[in-house]
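Asker: Structure: my_file_4.cif, mmCIF, C-alpha atoms and all ligand atoms.
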```cif
data_target
#
loop_
_atom_site.label_atom_id
_atom_site.label_comp_id
_atom_site.auth_asym_id
_atom_site.auth_seq_id
_atom_site.Cartn_x
_atom_site.Cartn_y
_atom_site.Cartn_z
CA MET A 1 274.66 102.01 97.80
CA ASP A 2 271.34 100.63 96.61
CA VAL A 3 269.46 99.67 99.76
CA GLU A 4 265.99 99.94 98.30
CA PRO A 5 264.39 96.51 97.76
CA ILE A 6 264.23 95.52 94.09
CA LEU A 7 260.63 94.36 94.64
CA LYS A 8 258.18 95.68 97.18
CA VAL A 9 254.66 94.25 97.27
CA THR A 10 252.16 95.89 99.61
CA ASN A 11 248.69 94.65 100.55
CA LEU A 12 248.24 92.80 97.29
CA THR A 13 244.79 91.23 96.88
CA LYS A 14 243.53 89.16 93.96
CA ASN A 15 240.03 87.67 93.87
CA PHE A 16 238.40 85.15 91.58
CA GLY A 17 234.72 85.84 92.14
CA ASN A 18 234.15 85.17 95.82
CA LEU A 19 237.48 83.42 96.25
CA VAL A 20 240.25 85.56 97.72
CA ALA A 21 243.24 83.87 96.09
CA VAL A 22 245.78 86.38 97.45
CA ASN A 23 244.81 88.33 100.53
CA ARG A 24 246.67 91.57 101.40
CA ALA A 25 250.07 90.06 100.77
CA SER A 26 253.08 92.21 101.62
CA PHE A 27 256.72 91.26 101.18
CA LYS A 28 260.03 92.62 99.94
CA VAL A 29 262.86 91.14 97.93
CA ASN A 30 266.32 92.67 98.22
CA ARG A 31 268.52 92.97 95.17
CA GLY A 32 270.77 89.94 94.74
CA GLU A 33 268.71 87.63 96.93
CA ILE A 34 267.18 84.26 96.13
CA VAL A 35 263.81 84.26 97.83
CA GLY A 36 261.68 81.13 98.14
CA LEU A 37 257.91 81.36 98.00
CA ILE A 38 256.38 78.27 99.56
CA GLY A 39 252.94 77.07 100.56
CA PRO A 40 250.54 74.19 99.94
CA ASN A 41 248.77 73.64 96.62
CA GLY A 42 246.16 76.32 96.09
CA ALA A 43 247.87 78.74 98.52
CA GLY A 44 248.01 81.45 95.85
CA LYS A 45 251.65 81.30 94.77
CA THR A 46 250.99 81.27 91.02
CA THR A 47 248.29 83.93 91.39
CA LEU A 48 250.75 86.13 93.27
CA PHE A 49 253.34 85.69 90.49
CA ASN A 50 250.68 86.46 87.88
CA ALA A 51 249.67 89.63 89.68
CA ILE A 52 253.28 90.77 90.13
CA SER A 53 254.24 90.09 86.51
CA GLY A 54 251.20 91.94 85.14
CA LEU A 55 249.13 88.99 83.94
CA TYR A 56 246.41 89.68 86.50
CA ARG A 57 245.11 93.01 87.70
CA PRO A 58 245.05 93.03 91.49
CA GLU A 59 241.93 94.25 93.28
CA GLU A 60 244.03 96.07 95.78
CA GLY A 61 247.63 96.81 96.66
CA THR A 62 250.78 98.13 95.05
CA ILE A 63 253.84 96.63 93.41
CA PHE A 64 257.08 98.57 93.25
CA PHE A 65 259.87 97.21 91.07
CA LYS A 66 263.22 99.02 90.95
CA GLY A 67 261.54 101.93 92.73
CA MET A 68 258.79 102.28 90.13
CA ASN A 69 255.14 101.69 90.78
CA ILE A 70 254.35 98.96 88.22
CA THR A 71 250.86 98.16 89.52
CA ASN A 72 248.57 97.55 86.53
CA TRP A 73 251.40 97.73 84.00
CA LEU A 74 251.12 95.25 81.15
CA PRO A 75 253.44 92.20 81.18
CA HIS A 76 255.63 93.26 78.23
CA ARG A 77 256.31 96.62 79.84
CA ILE A 78 257.26 94.98 83.15
CA CYS A 79 259.48 92.60 81.20
CA ARG A 80 261.26 95.53 79.53
CA LEU A 81 261.92 97.04 82.92
CA GLY A 82 263.77 93.85 83.83
CA MET A 83 261.40 91.30 85.35
CA SER A 84 260.83 87.95 83.70
CA ARG A 85 259.14 84.72 84.76
CA THR A 86 258.63 81.10 83.85
CA PHE A 87 255.28 79.33 83.89
CA GLN A 88 254.26 76.38 86.04
CA VAL A 89 252.87 74.62 83.00
CA THR A 90 255.61 74.46 80.41
CA ARG A 91 254.85 76.86 77.61
CA ALA A 92 257.87 76.08 75.49
CA PHE A 93 257.10 76.58 71.84
CA THR A 94 257.03 72.85 71.20
CA HIS A 95 257.33 72.88 67.41
CA MET A 96 260.27 75.29 67.49
CA THR A 97 263.95 74.58 67.94
CA VAL A 98 265.70 75.37 71.19
CA GLU A 99 267.55 78.22 69.53
CA ASP A 100 264.40 79.79 68.09
CA THR A 101 262.59 79.51 71.42
CA VAL A 102 265.39 81.39 73.13
CA ARG A 103 265.34 83.95 70.30
CA VAL A 104 261.64 84.66 70.94
CA GLY A 105 262.61 85.62 74.48
CA ALA A 106 265.48 87.80 73.30
CA TYR A 107 263.26 89.75 70.90
CA ASN A 108 261.44 91.18 73.92
CA ARG A 109 264.48 93.24 74.78
CA PHE A 110 266.84 93.23 71.79
CA ASN A 111 266.65 94.23 68.16
CA GLU A 112 267.85 92.48 65.01
CA ASN A 113 271.43 93.74 65.50
CA ASN A 114 272.13 92.26 68.90
CA VAL A 115 269.52 89.55 69.37
CA GLN A 116 271.88 86.81 68.16
CA ASP A 117 274.60 87.79 70.65
CA LYS A 118 272.10 87.37 73.46
CA VAL A 119 270.92 84.01 72.10
CA GLU A 120 274.51 82.72 71.91
CA GLN A 121 275.29 83.88 75.43
CA VAL A 122 272.19 82.32 76.98
CA ILE A 123 272.53 79.02 75.09
CA LYS A 124 276.04 78.75 76.42
CA VAL A 125 275.27 79.64 80.01
CA CYS A 126 272.34 77.18 80.13
CA ASP A 127 274.44 74.43 78.56
CA LEU A 128 272.14 74.04 75.53
CA VAL A 129 274.84 74.14 72.85
CA ASP A 130 274.55 70.46 71.94
CA ILE A 131 270.78 70.57 71.55
CA ARG A 132 270.34 74.05 70.08
CA LYS A 133 269.00 72.72 66.76
CA ARG A 134 266.66 70.18 68.31
CA VAL A 135 262.90 70.70 68.28
CA CYS A 136 261.50 71.27 71.79
CA GLU A 137 258.83 68.59 71.54
CA ASP A 138 261.58 65.95 71.13
CA LEU A 139 263.31 66.94 74.35
CA GLY A 140 263.11 65.38 77.78
CA LEU A 141 261.77 67.33 80.72
CA ALA A 142 265.16 68.32 82.16
CA SER A 143 266.20 69.92 78.86
CA LEU A 144 262.79 71.56 78.44
CA ARG A 145 263.07 73.11 81.87
CA LYS A 146 266.41 74.60 80.87
CA VAL A 147 264.94 75.94 77.64
CA GLU A 148 262.16 77.64 79.62
CA LEU A 149 264.73 79.22 81.89
CA ALA A 150 266.84 80.23 78.89
CA ARG A 151 263.86 81.89 77.20
CA ALA A 152 263.25 83.98 80.32
CA LEU A 153 266.97 84.75 80.67
CA ALA A 154 267.14 85.97 77.08
CA THR A 155 265.00 88.95 78.12
CA GLU A 156 268.00 89.95 80.30
CA PRO A 157 266.08 90.11 83.55
CA GLU A 158 267.34 91.71 86.73
CA MET A 159 264.72 89.67 88.52
CA LEU A 160 263.35 86.25 87.61
CA LEU A 161 260.22 84.61 89.01
CA LEU A 162 260.41 80.83 88.68
CA ASP A 163 257.13 78.99 89.16
CA GLU A 164 257.97 75.36 89.90
CA ALA A 165 260.62 75.54 87.21
CA GLY A 166 262.18 72.31 88.49
CA ALA A 167 258.94 70.32 88.80
CA GLY A 168 259.15 66.74 87.63
CA LEU A 169 262.94 66.58 87.66
CA ASN A 170 264.68 63.76 89.49
CA ALA A 171 266.96 64.58 92.42
CA THR A 172 270.13 64.78 90.30
CA GLU A 173 268.50 66.92 87.62
CA LEU A 174 266.97 69.22 90.21
CA ALA A 175 270.32 69.66 91.98
CA ALA A 176 271.92 70.61 88.64
CA PHE A 177 269.08 73.04 87.92
CA MET A 178 269.48 74.67 91.32
CA ASP A 179 273.24 74.96 90.74
CA LEU A 180 272.47 76.84 87.54
CA ILE A 181 270.21 79.24 89.44
CA LYS A 182 272.93 79.76 92.04
CA LYS A 183 275.45 80.45 89.30
CA LEU A 184 273.16 82.95 87.57
CA ASN A 185 272.54 84.65 90.89
CA GLN A 186 276.22 84.91 91.71
CA GLU A 187 277.73 85.60 88.30
CA SER A 188 274.98 87.63 86.64
CA GLN A 189 273.59 89.22 89.82
CA ILE A 190 270.07 88.13 88.95
CA THR A 191 267.58 88.32 91.82
CA PHE A 192 265.30 85.28 92.07
CA CYS A 193 261.93 84.51 93.56
CA VAL A 194 261.33 80.77 93.30
CA VAL A 195 258.37 78.52 93.93
CA GLU A 196 259.70 75.02 94.46
CA HIS A 197 258.28 72.01 96.25
CA VAL A 198 261.38 70.13 97.30
CA MET A 199 261.97 71.68 100.68
CA GLN A 200 265.62 70.67 100.96
CA MET A 201 266.31 72.58 97.75
CA VAL A 202 264.48 75.70 98.88
CA MET A 203 266.23 75.64 102.23
CA GLY A 204 269.64 75.23 100.65
CA LEU A 205 269.18 77.83 97.95
CA CYS A 206 267.29 80.73 99.50
CA GLN A 207 268.36 83.49 101.86
CA GLN A 208 264.77 84.39 102.61
CA ILE A 209 261.57 82.38 102.53
CA VAL A 210 258.02 83.70 102.31
CA VAL A 211 255.21 81.34 103.31
CA LEU A 212 251.78 81.64 101.77
CA ASP A 213 248.74 79.78 103.10
CA SER A 214 245.17 80.32 101.87
CA GLY A 215 246.25 83.52 100.14
CA GLU A 216 247.89 85.03 103.20
CA ILE A 217 251.54 85.41 104.04
CA ILE A 218 251.81 83.63 107.37
CA ALA A 219 255.58 83.93 107.84
CA SER A 220 258.77 85.17 106.27
CA GLY A 221 262.36 84.82 107.36
CA THR A 222 265.55 82.85 106.97
CA PRO A 223 265.29 79.11 106.22
CA ASN A 224 266.21 78.46 109.84
CA GLN A 225 263.50 80.74 111.17
CA ILE A 226 260.94 79.24 108.82
CA SER A 227 261.75 75.63 109.59
CA ASN A 228 261.30 76.38 113.30
CA ASN A 229 258.09 78.37 112.90
CA VAL A 230 255.26 76.36 114.42
CA ARG A 231 252.59 78.00 112.27
CA VAL A 232 254.51 77.06 109.15
CA ILE A 233 255.10 73.52 110.31
CA GLU A 234 251.41 73.05 111.00
CA ALA A 235 250.08 74.82 107.95
CA TYR A 236 252.54 73.73 105.36
CA LEU A 237 254.98 71.04 106.31
CA GLY A 238 252.20 69.02 107.94
CA LYS A 239 252.11 66.06 110.24
CA ARG A 240 255.12 64.35 108.76
CA ALA A 241 257.38 67.31 109.60
CA VAL A 242 255.97 67.68 113.10
CA HIS A 243 256.50 63.96 113.59
CA ALA A 244 260.08 64.16 112.30
CA ARG A 245 260.81 67.06 114.60
CA ASN A 246 259.61 65.19 117.63
CA GLN A 247 261.67 62.11 116.93
N1 LIG A 301 242.07 81.61 86.85
C1 LIG A 301 241.49 81.22 87.99
N2 LIG A 301 240.14 81.28 88.13
C2 LIG A 301 239.56 80.90 89.28
N3 LIG A 301 240.21 80.45 90.36
C3 LIG A 301 241.55 80.37 90.27
C4 LIG A 301 242.26 80.74 89.08
N4 LIG A 301 243.59 80.55 89.29
C5 LIG A 301 243.69 80.08 90.53
N5 LIG A 301 242.50 79.96 91.13
C6 LIG A 301 242.24 79.52 92.50
O1 LIG A 301 242.99 80.39 93.35
C7 LIG A 301 243.60 79.67 94.41
C8 LIG A 301 245.11 79.85 94.33
O2 LIG A 301 245.59 79.13 93.19
P1 LIG A 301 247.11 79.18 92.73
O3 LIG A 301 247.57 80.60 92.74
O4 LIG A 301 247.20 78.45 91.47
O5 LIG A 301 247.81 78.40 93.93
P2 LIG A 301 249.26 77.72 93.99
O6 LIG A 301 250.06 78.21 92.85
O7 LIG A 301 249.81 78.15 95.33
O8 LIG A 301 249.04 76.25 93.96
C9 LIG A 301 243.14 78.22 94.27
O9 LIG A 301 242.02 78.05 95.10
C10 LIG A 301 242.76 78.12 92.80
O10 LIG A 301 241.78 77.14 92.60
MG MG A 302 251.02 77.20 91.33
#
```
Take the structure from the file and write it as structure tokens.

Answerer:
Amino acid sequence: MDVEPILKVTNLTKNFGNLVAVNRASFKVNRGEIVGLIGPNGAGKTTLFNAISGLYRPEEGTIFFKGMNITNWLPHRICRLGMSRTFQVTRAFTHMTVEDTVRVGAYNRFNENNVQDKVEQVIKVCDLVDIRKRVCEDLGLASLRKVELARALATEPEMLLLDEAGAGLNATELAAFMDLIKKLNQESQITFCVVEHVMQMVMGLCQQIVVLDSGEIIASGTPNQISNNVRVIEAYLGKRAVHARNQ
């Protein structure tokens, strides 16, 4: 049985000049889990994702993925080992069709012979069949968000980091998006680490939640543990949550 965590981050530190954006962060993600990473704006969530996925070189700390020390590996190599991510600011190739955008993702892991099979599979699973020939810049946000996810999925990840992948969606669209993540987790055994702002969604989706504040991990635990953690309520959920709790 594979009991080793799929991702193990230890004492990870990333500075921008004098600013310590991520400060000795340590956490683990078990295979098959959906982990939520939460924290106020500027807490360091995106920086942490960038350091884990190889975009930034950490000042300190180690990252183990699938038992391998991937610290300082380049992003494409990490991607080939099975970790993919989406970006907070949509980077969809706007002038390209949905199908071609997904194909760009697939080329990271597949060659000419089997790239199309992967494209077909991902387009189907993300429900993009009807819009596969459309150009991304003509799409609405909900479709674009799915295309972003599909592009990451086409690299056949074992682990996906989603950085506010549902941002800007209305409640119905977000619920559908979260259902898709749940389905991918259950049917394709993909492990997720998600940054998402709608707390209800995070609480409903995740088995484990990690809370970042000013670059430091201030708590981690089940949604229930986190929602009852006073430090979290003060630091992150703020006055409104404390008020609601006391009512
Ligand atoms: N490329 C960068 N250069 C300088 N400072 C940055 C850079 N990226 C992020 N920061 C700073 O690092 C801190 C963490 O930012 P970020 O990781 O984007 O937070 P979050 O994603 O939690 O909102 C913030 O203070 C932000 O201004
Ligand atoms: Mg961010």

Asker: What residues have any atom no more than 6 Å from ligand LIG 301 (chain A) when counting all atoms listed in the file, and can you list them as an MDAnalysis selection string?

Answerer: chainID A and resid 16 21 41:47

Asker: Using 12 Å as the limit and counting all atoms listed in the file, can you tabulate each residue of chain A that touches ligand MG 302 (chain A), with its shortest atom-to-atom distance in Å and the two atoms involved, as CSV?

Answerer:
```
residue,atom,partner,partner_atom,distance
A:Ala21,CA,A:MG302,MG,11.3
A:Leu37,CA,A:MG302,MG,10.5
A:Ile38,CA,A:MG302,MG,9.9
A:Gly39,CA,A:MG302,MG,9.4
A:Pro40,CA,A:MG302,MG,9.1
A:Asn41,CA,A:MG302,MG,6.8
A:Gly42,CA,A:MG302,MG,6.9
A:Ala43,CA,A:MG302,MG,8.0
A:Gly44,CA,A:MG302,MG,6.9
A:Lys45,CA,A:MG302,MG,5.4
A:Thr46,CA,A:MG302,MG,4.1
A:Thr47,CA,A:MG302,MG,7.3
A:Leu48,CA,A:MG302,MG,9.1
A:Phe49,CA,A:MG302,MG,8.8
A:Asn50,CA,A:MG302,MG,9.9
A:Thr86,CA,A:MG302,MG,11.4
A:Phe87,CA,A:MG302,MG,8.8
A:Gln88,CA,A:MG302,MG,6.3
A:Val89,CA,A:MG302,MG,8.9
A:Leu162,CA,A:MG302,MG,10.4
A:Asp163,CA,A:MG302,MG,6.7
A:Glu164,CA,A:MG302,MG,7.3
A:Ala165,CA,A:MG302,MG,10.6
A:Ala167,CA,A:MG302,MG,10.8
A:Val194,CA,A:MG302,MG,11.1
A:Val195,CA,A:MG302,MG,7.9
A:Glu196,CA,A:MG302,MG,9.5
A:His197,CA,A:MG302,MG,10.2
A:Leu212,CA,A:MG302,MG,11.4
A:Gly215,CA,A:MG302,MG,11.8
```

Asker: Counting all atoms listed in the file, which of A:Asp127, A:Glu137, A:Glu4, A:Glu158 gets nearest to Gln189 of chain A?

Answerer: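 Closest residue, counting all atoms listed in the file: A:Glu158.
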
Asker: What is the atom CA of Lys182 of chain A-atom CA of Asn111 of chain A distance in Å, reported with one decimal?

Answerer: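 Going from atom CA of Lys182 of chain A over to atom CA of Asn111 of chain A, I get 28.6 Å.
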
Asker: Rank A:Asn224, A:Pro157, A:Pro5, A:Arg85 by their smallest atom-to-atom distance to Glu33 of chain A, using only C-alpha atoms, and report the top residue only.

Answerer: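 Of A:Asn224, A:Pro157, A:Pro5, A:Arg85, the one nearest Glu33 of chain A, counting only C-alpha atoms, is A:Pro5.
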
Asker: Could you tell me which of A:Leu160, A:Val210, A:Asn108, A:Lys8 comes closest to Cys193 of chain A if we count only C-alpha atoms?

Answerer: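 Among the listed residues, A:Leu160 lies closest to Cys193 of chain A.
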
Asker: Atom CA of Val115 of chain A to atom CA of Lys146 of chain A: how many Å, to one decimal?

Answerer: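 According to the coordinates, atom CA of Val115 of chain A and atom CA of Lys146 of chain A are separated by 19.1 Å.
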
Asker: Give the answer as one residue: which of A:Val9, A:Glu112, A:Ser188, A:Val35 has the shortest atom-to-atom distance to Met68 of chain A, using only C-alpha atoms?

Answerer: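 The closest residue to Met68 of chain A is A:Val9.
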
Asker: Distance atom CA of Arg80 of chain A-atom CA of Val147 of chain A, one decimal place?

Answerer: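 Value for the atom CA of Arg80 of chain A-atom CA of Val147 of chain A distance: 20.0 Å.
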
Asker: Point out the residue among A:Ile190, A:Leu55, A:Ala25, A:Val102 with the least atom-to-atom distance to Asn11 of chain A, counting all atoms listed in the file.

Answerer: A:Ala25

Asker: When distances are computed from all atoms listed in the file, which of A:Ala154, A:Ile70, A:Val135, A:Leu81 shows the smallest separation from Phe110 of chain A?

Answerer: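 Of A:Ala154, A:Ile70, A:Val135, A:Leu81, the one nearest Phe110 of chain A is A:Ala154, counting all atoms listed in the file.
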
Asker: Determine, counting all atoms listed in the file, which protein, DNA and RNA residues have an atom within 12 Å of an atom of Asn69 of chain A; residues of the same chain fewer than 4 positions away are not included. Present the result as a PyMOL selection string.

Answerer: chain A and resi 6-10+52+54+61-65+73+78+81

Asker: Please provide as a list of chain:residue names all residues within 10 Å of Val122 of chain A, with the sequence filter that same-chain residues fewer than 2 positions apart are discarded (counting only C-alpha atoms).

Answerer: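 Here the qualifying residues turn out to be A:Glu99, A:Val102, A:Arg103, A:Ala106, A:Gln116, A:Asp117, A:Lys118, A:Val119, A:Glu120, A:Lys124, A:Val125, A:Cys126, A:Asp127, A:Leu128, A:Val129, A:Val147, A:Leu149, A:Ala150, A:Arg151, A:Ala152, A:Leu153, A:Ala154, A:Thr155, A:Glu156.
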
Asker: Kindly provide, as a PyMOL selection string, the polymer residues lying within 9 Å of (269.9, 70.4, 87.0), counting all atoms listed in the file and using the coordinates exactly as they appear in the file.

Answerer: chain A and resi 142-143+145-146+166+169-180
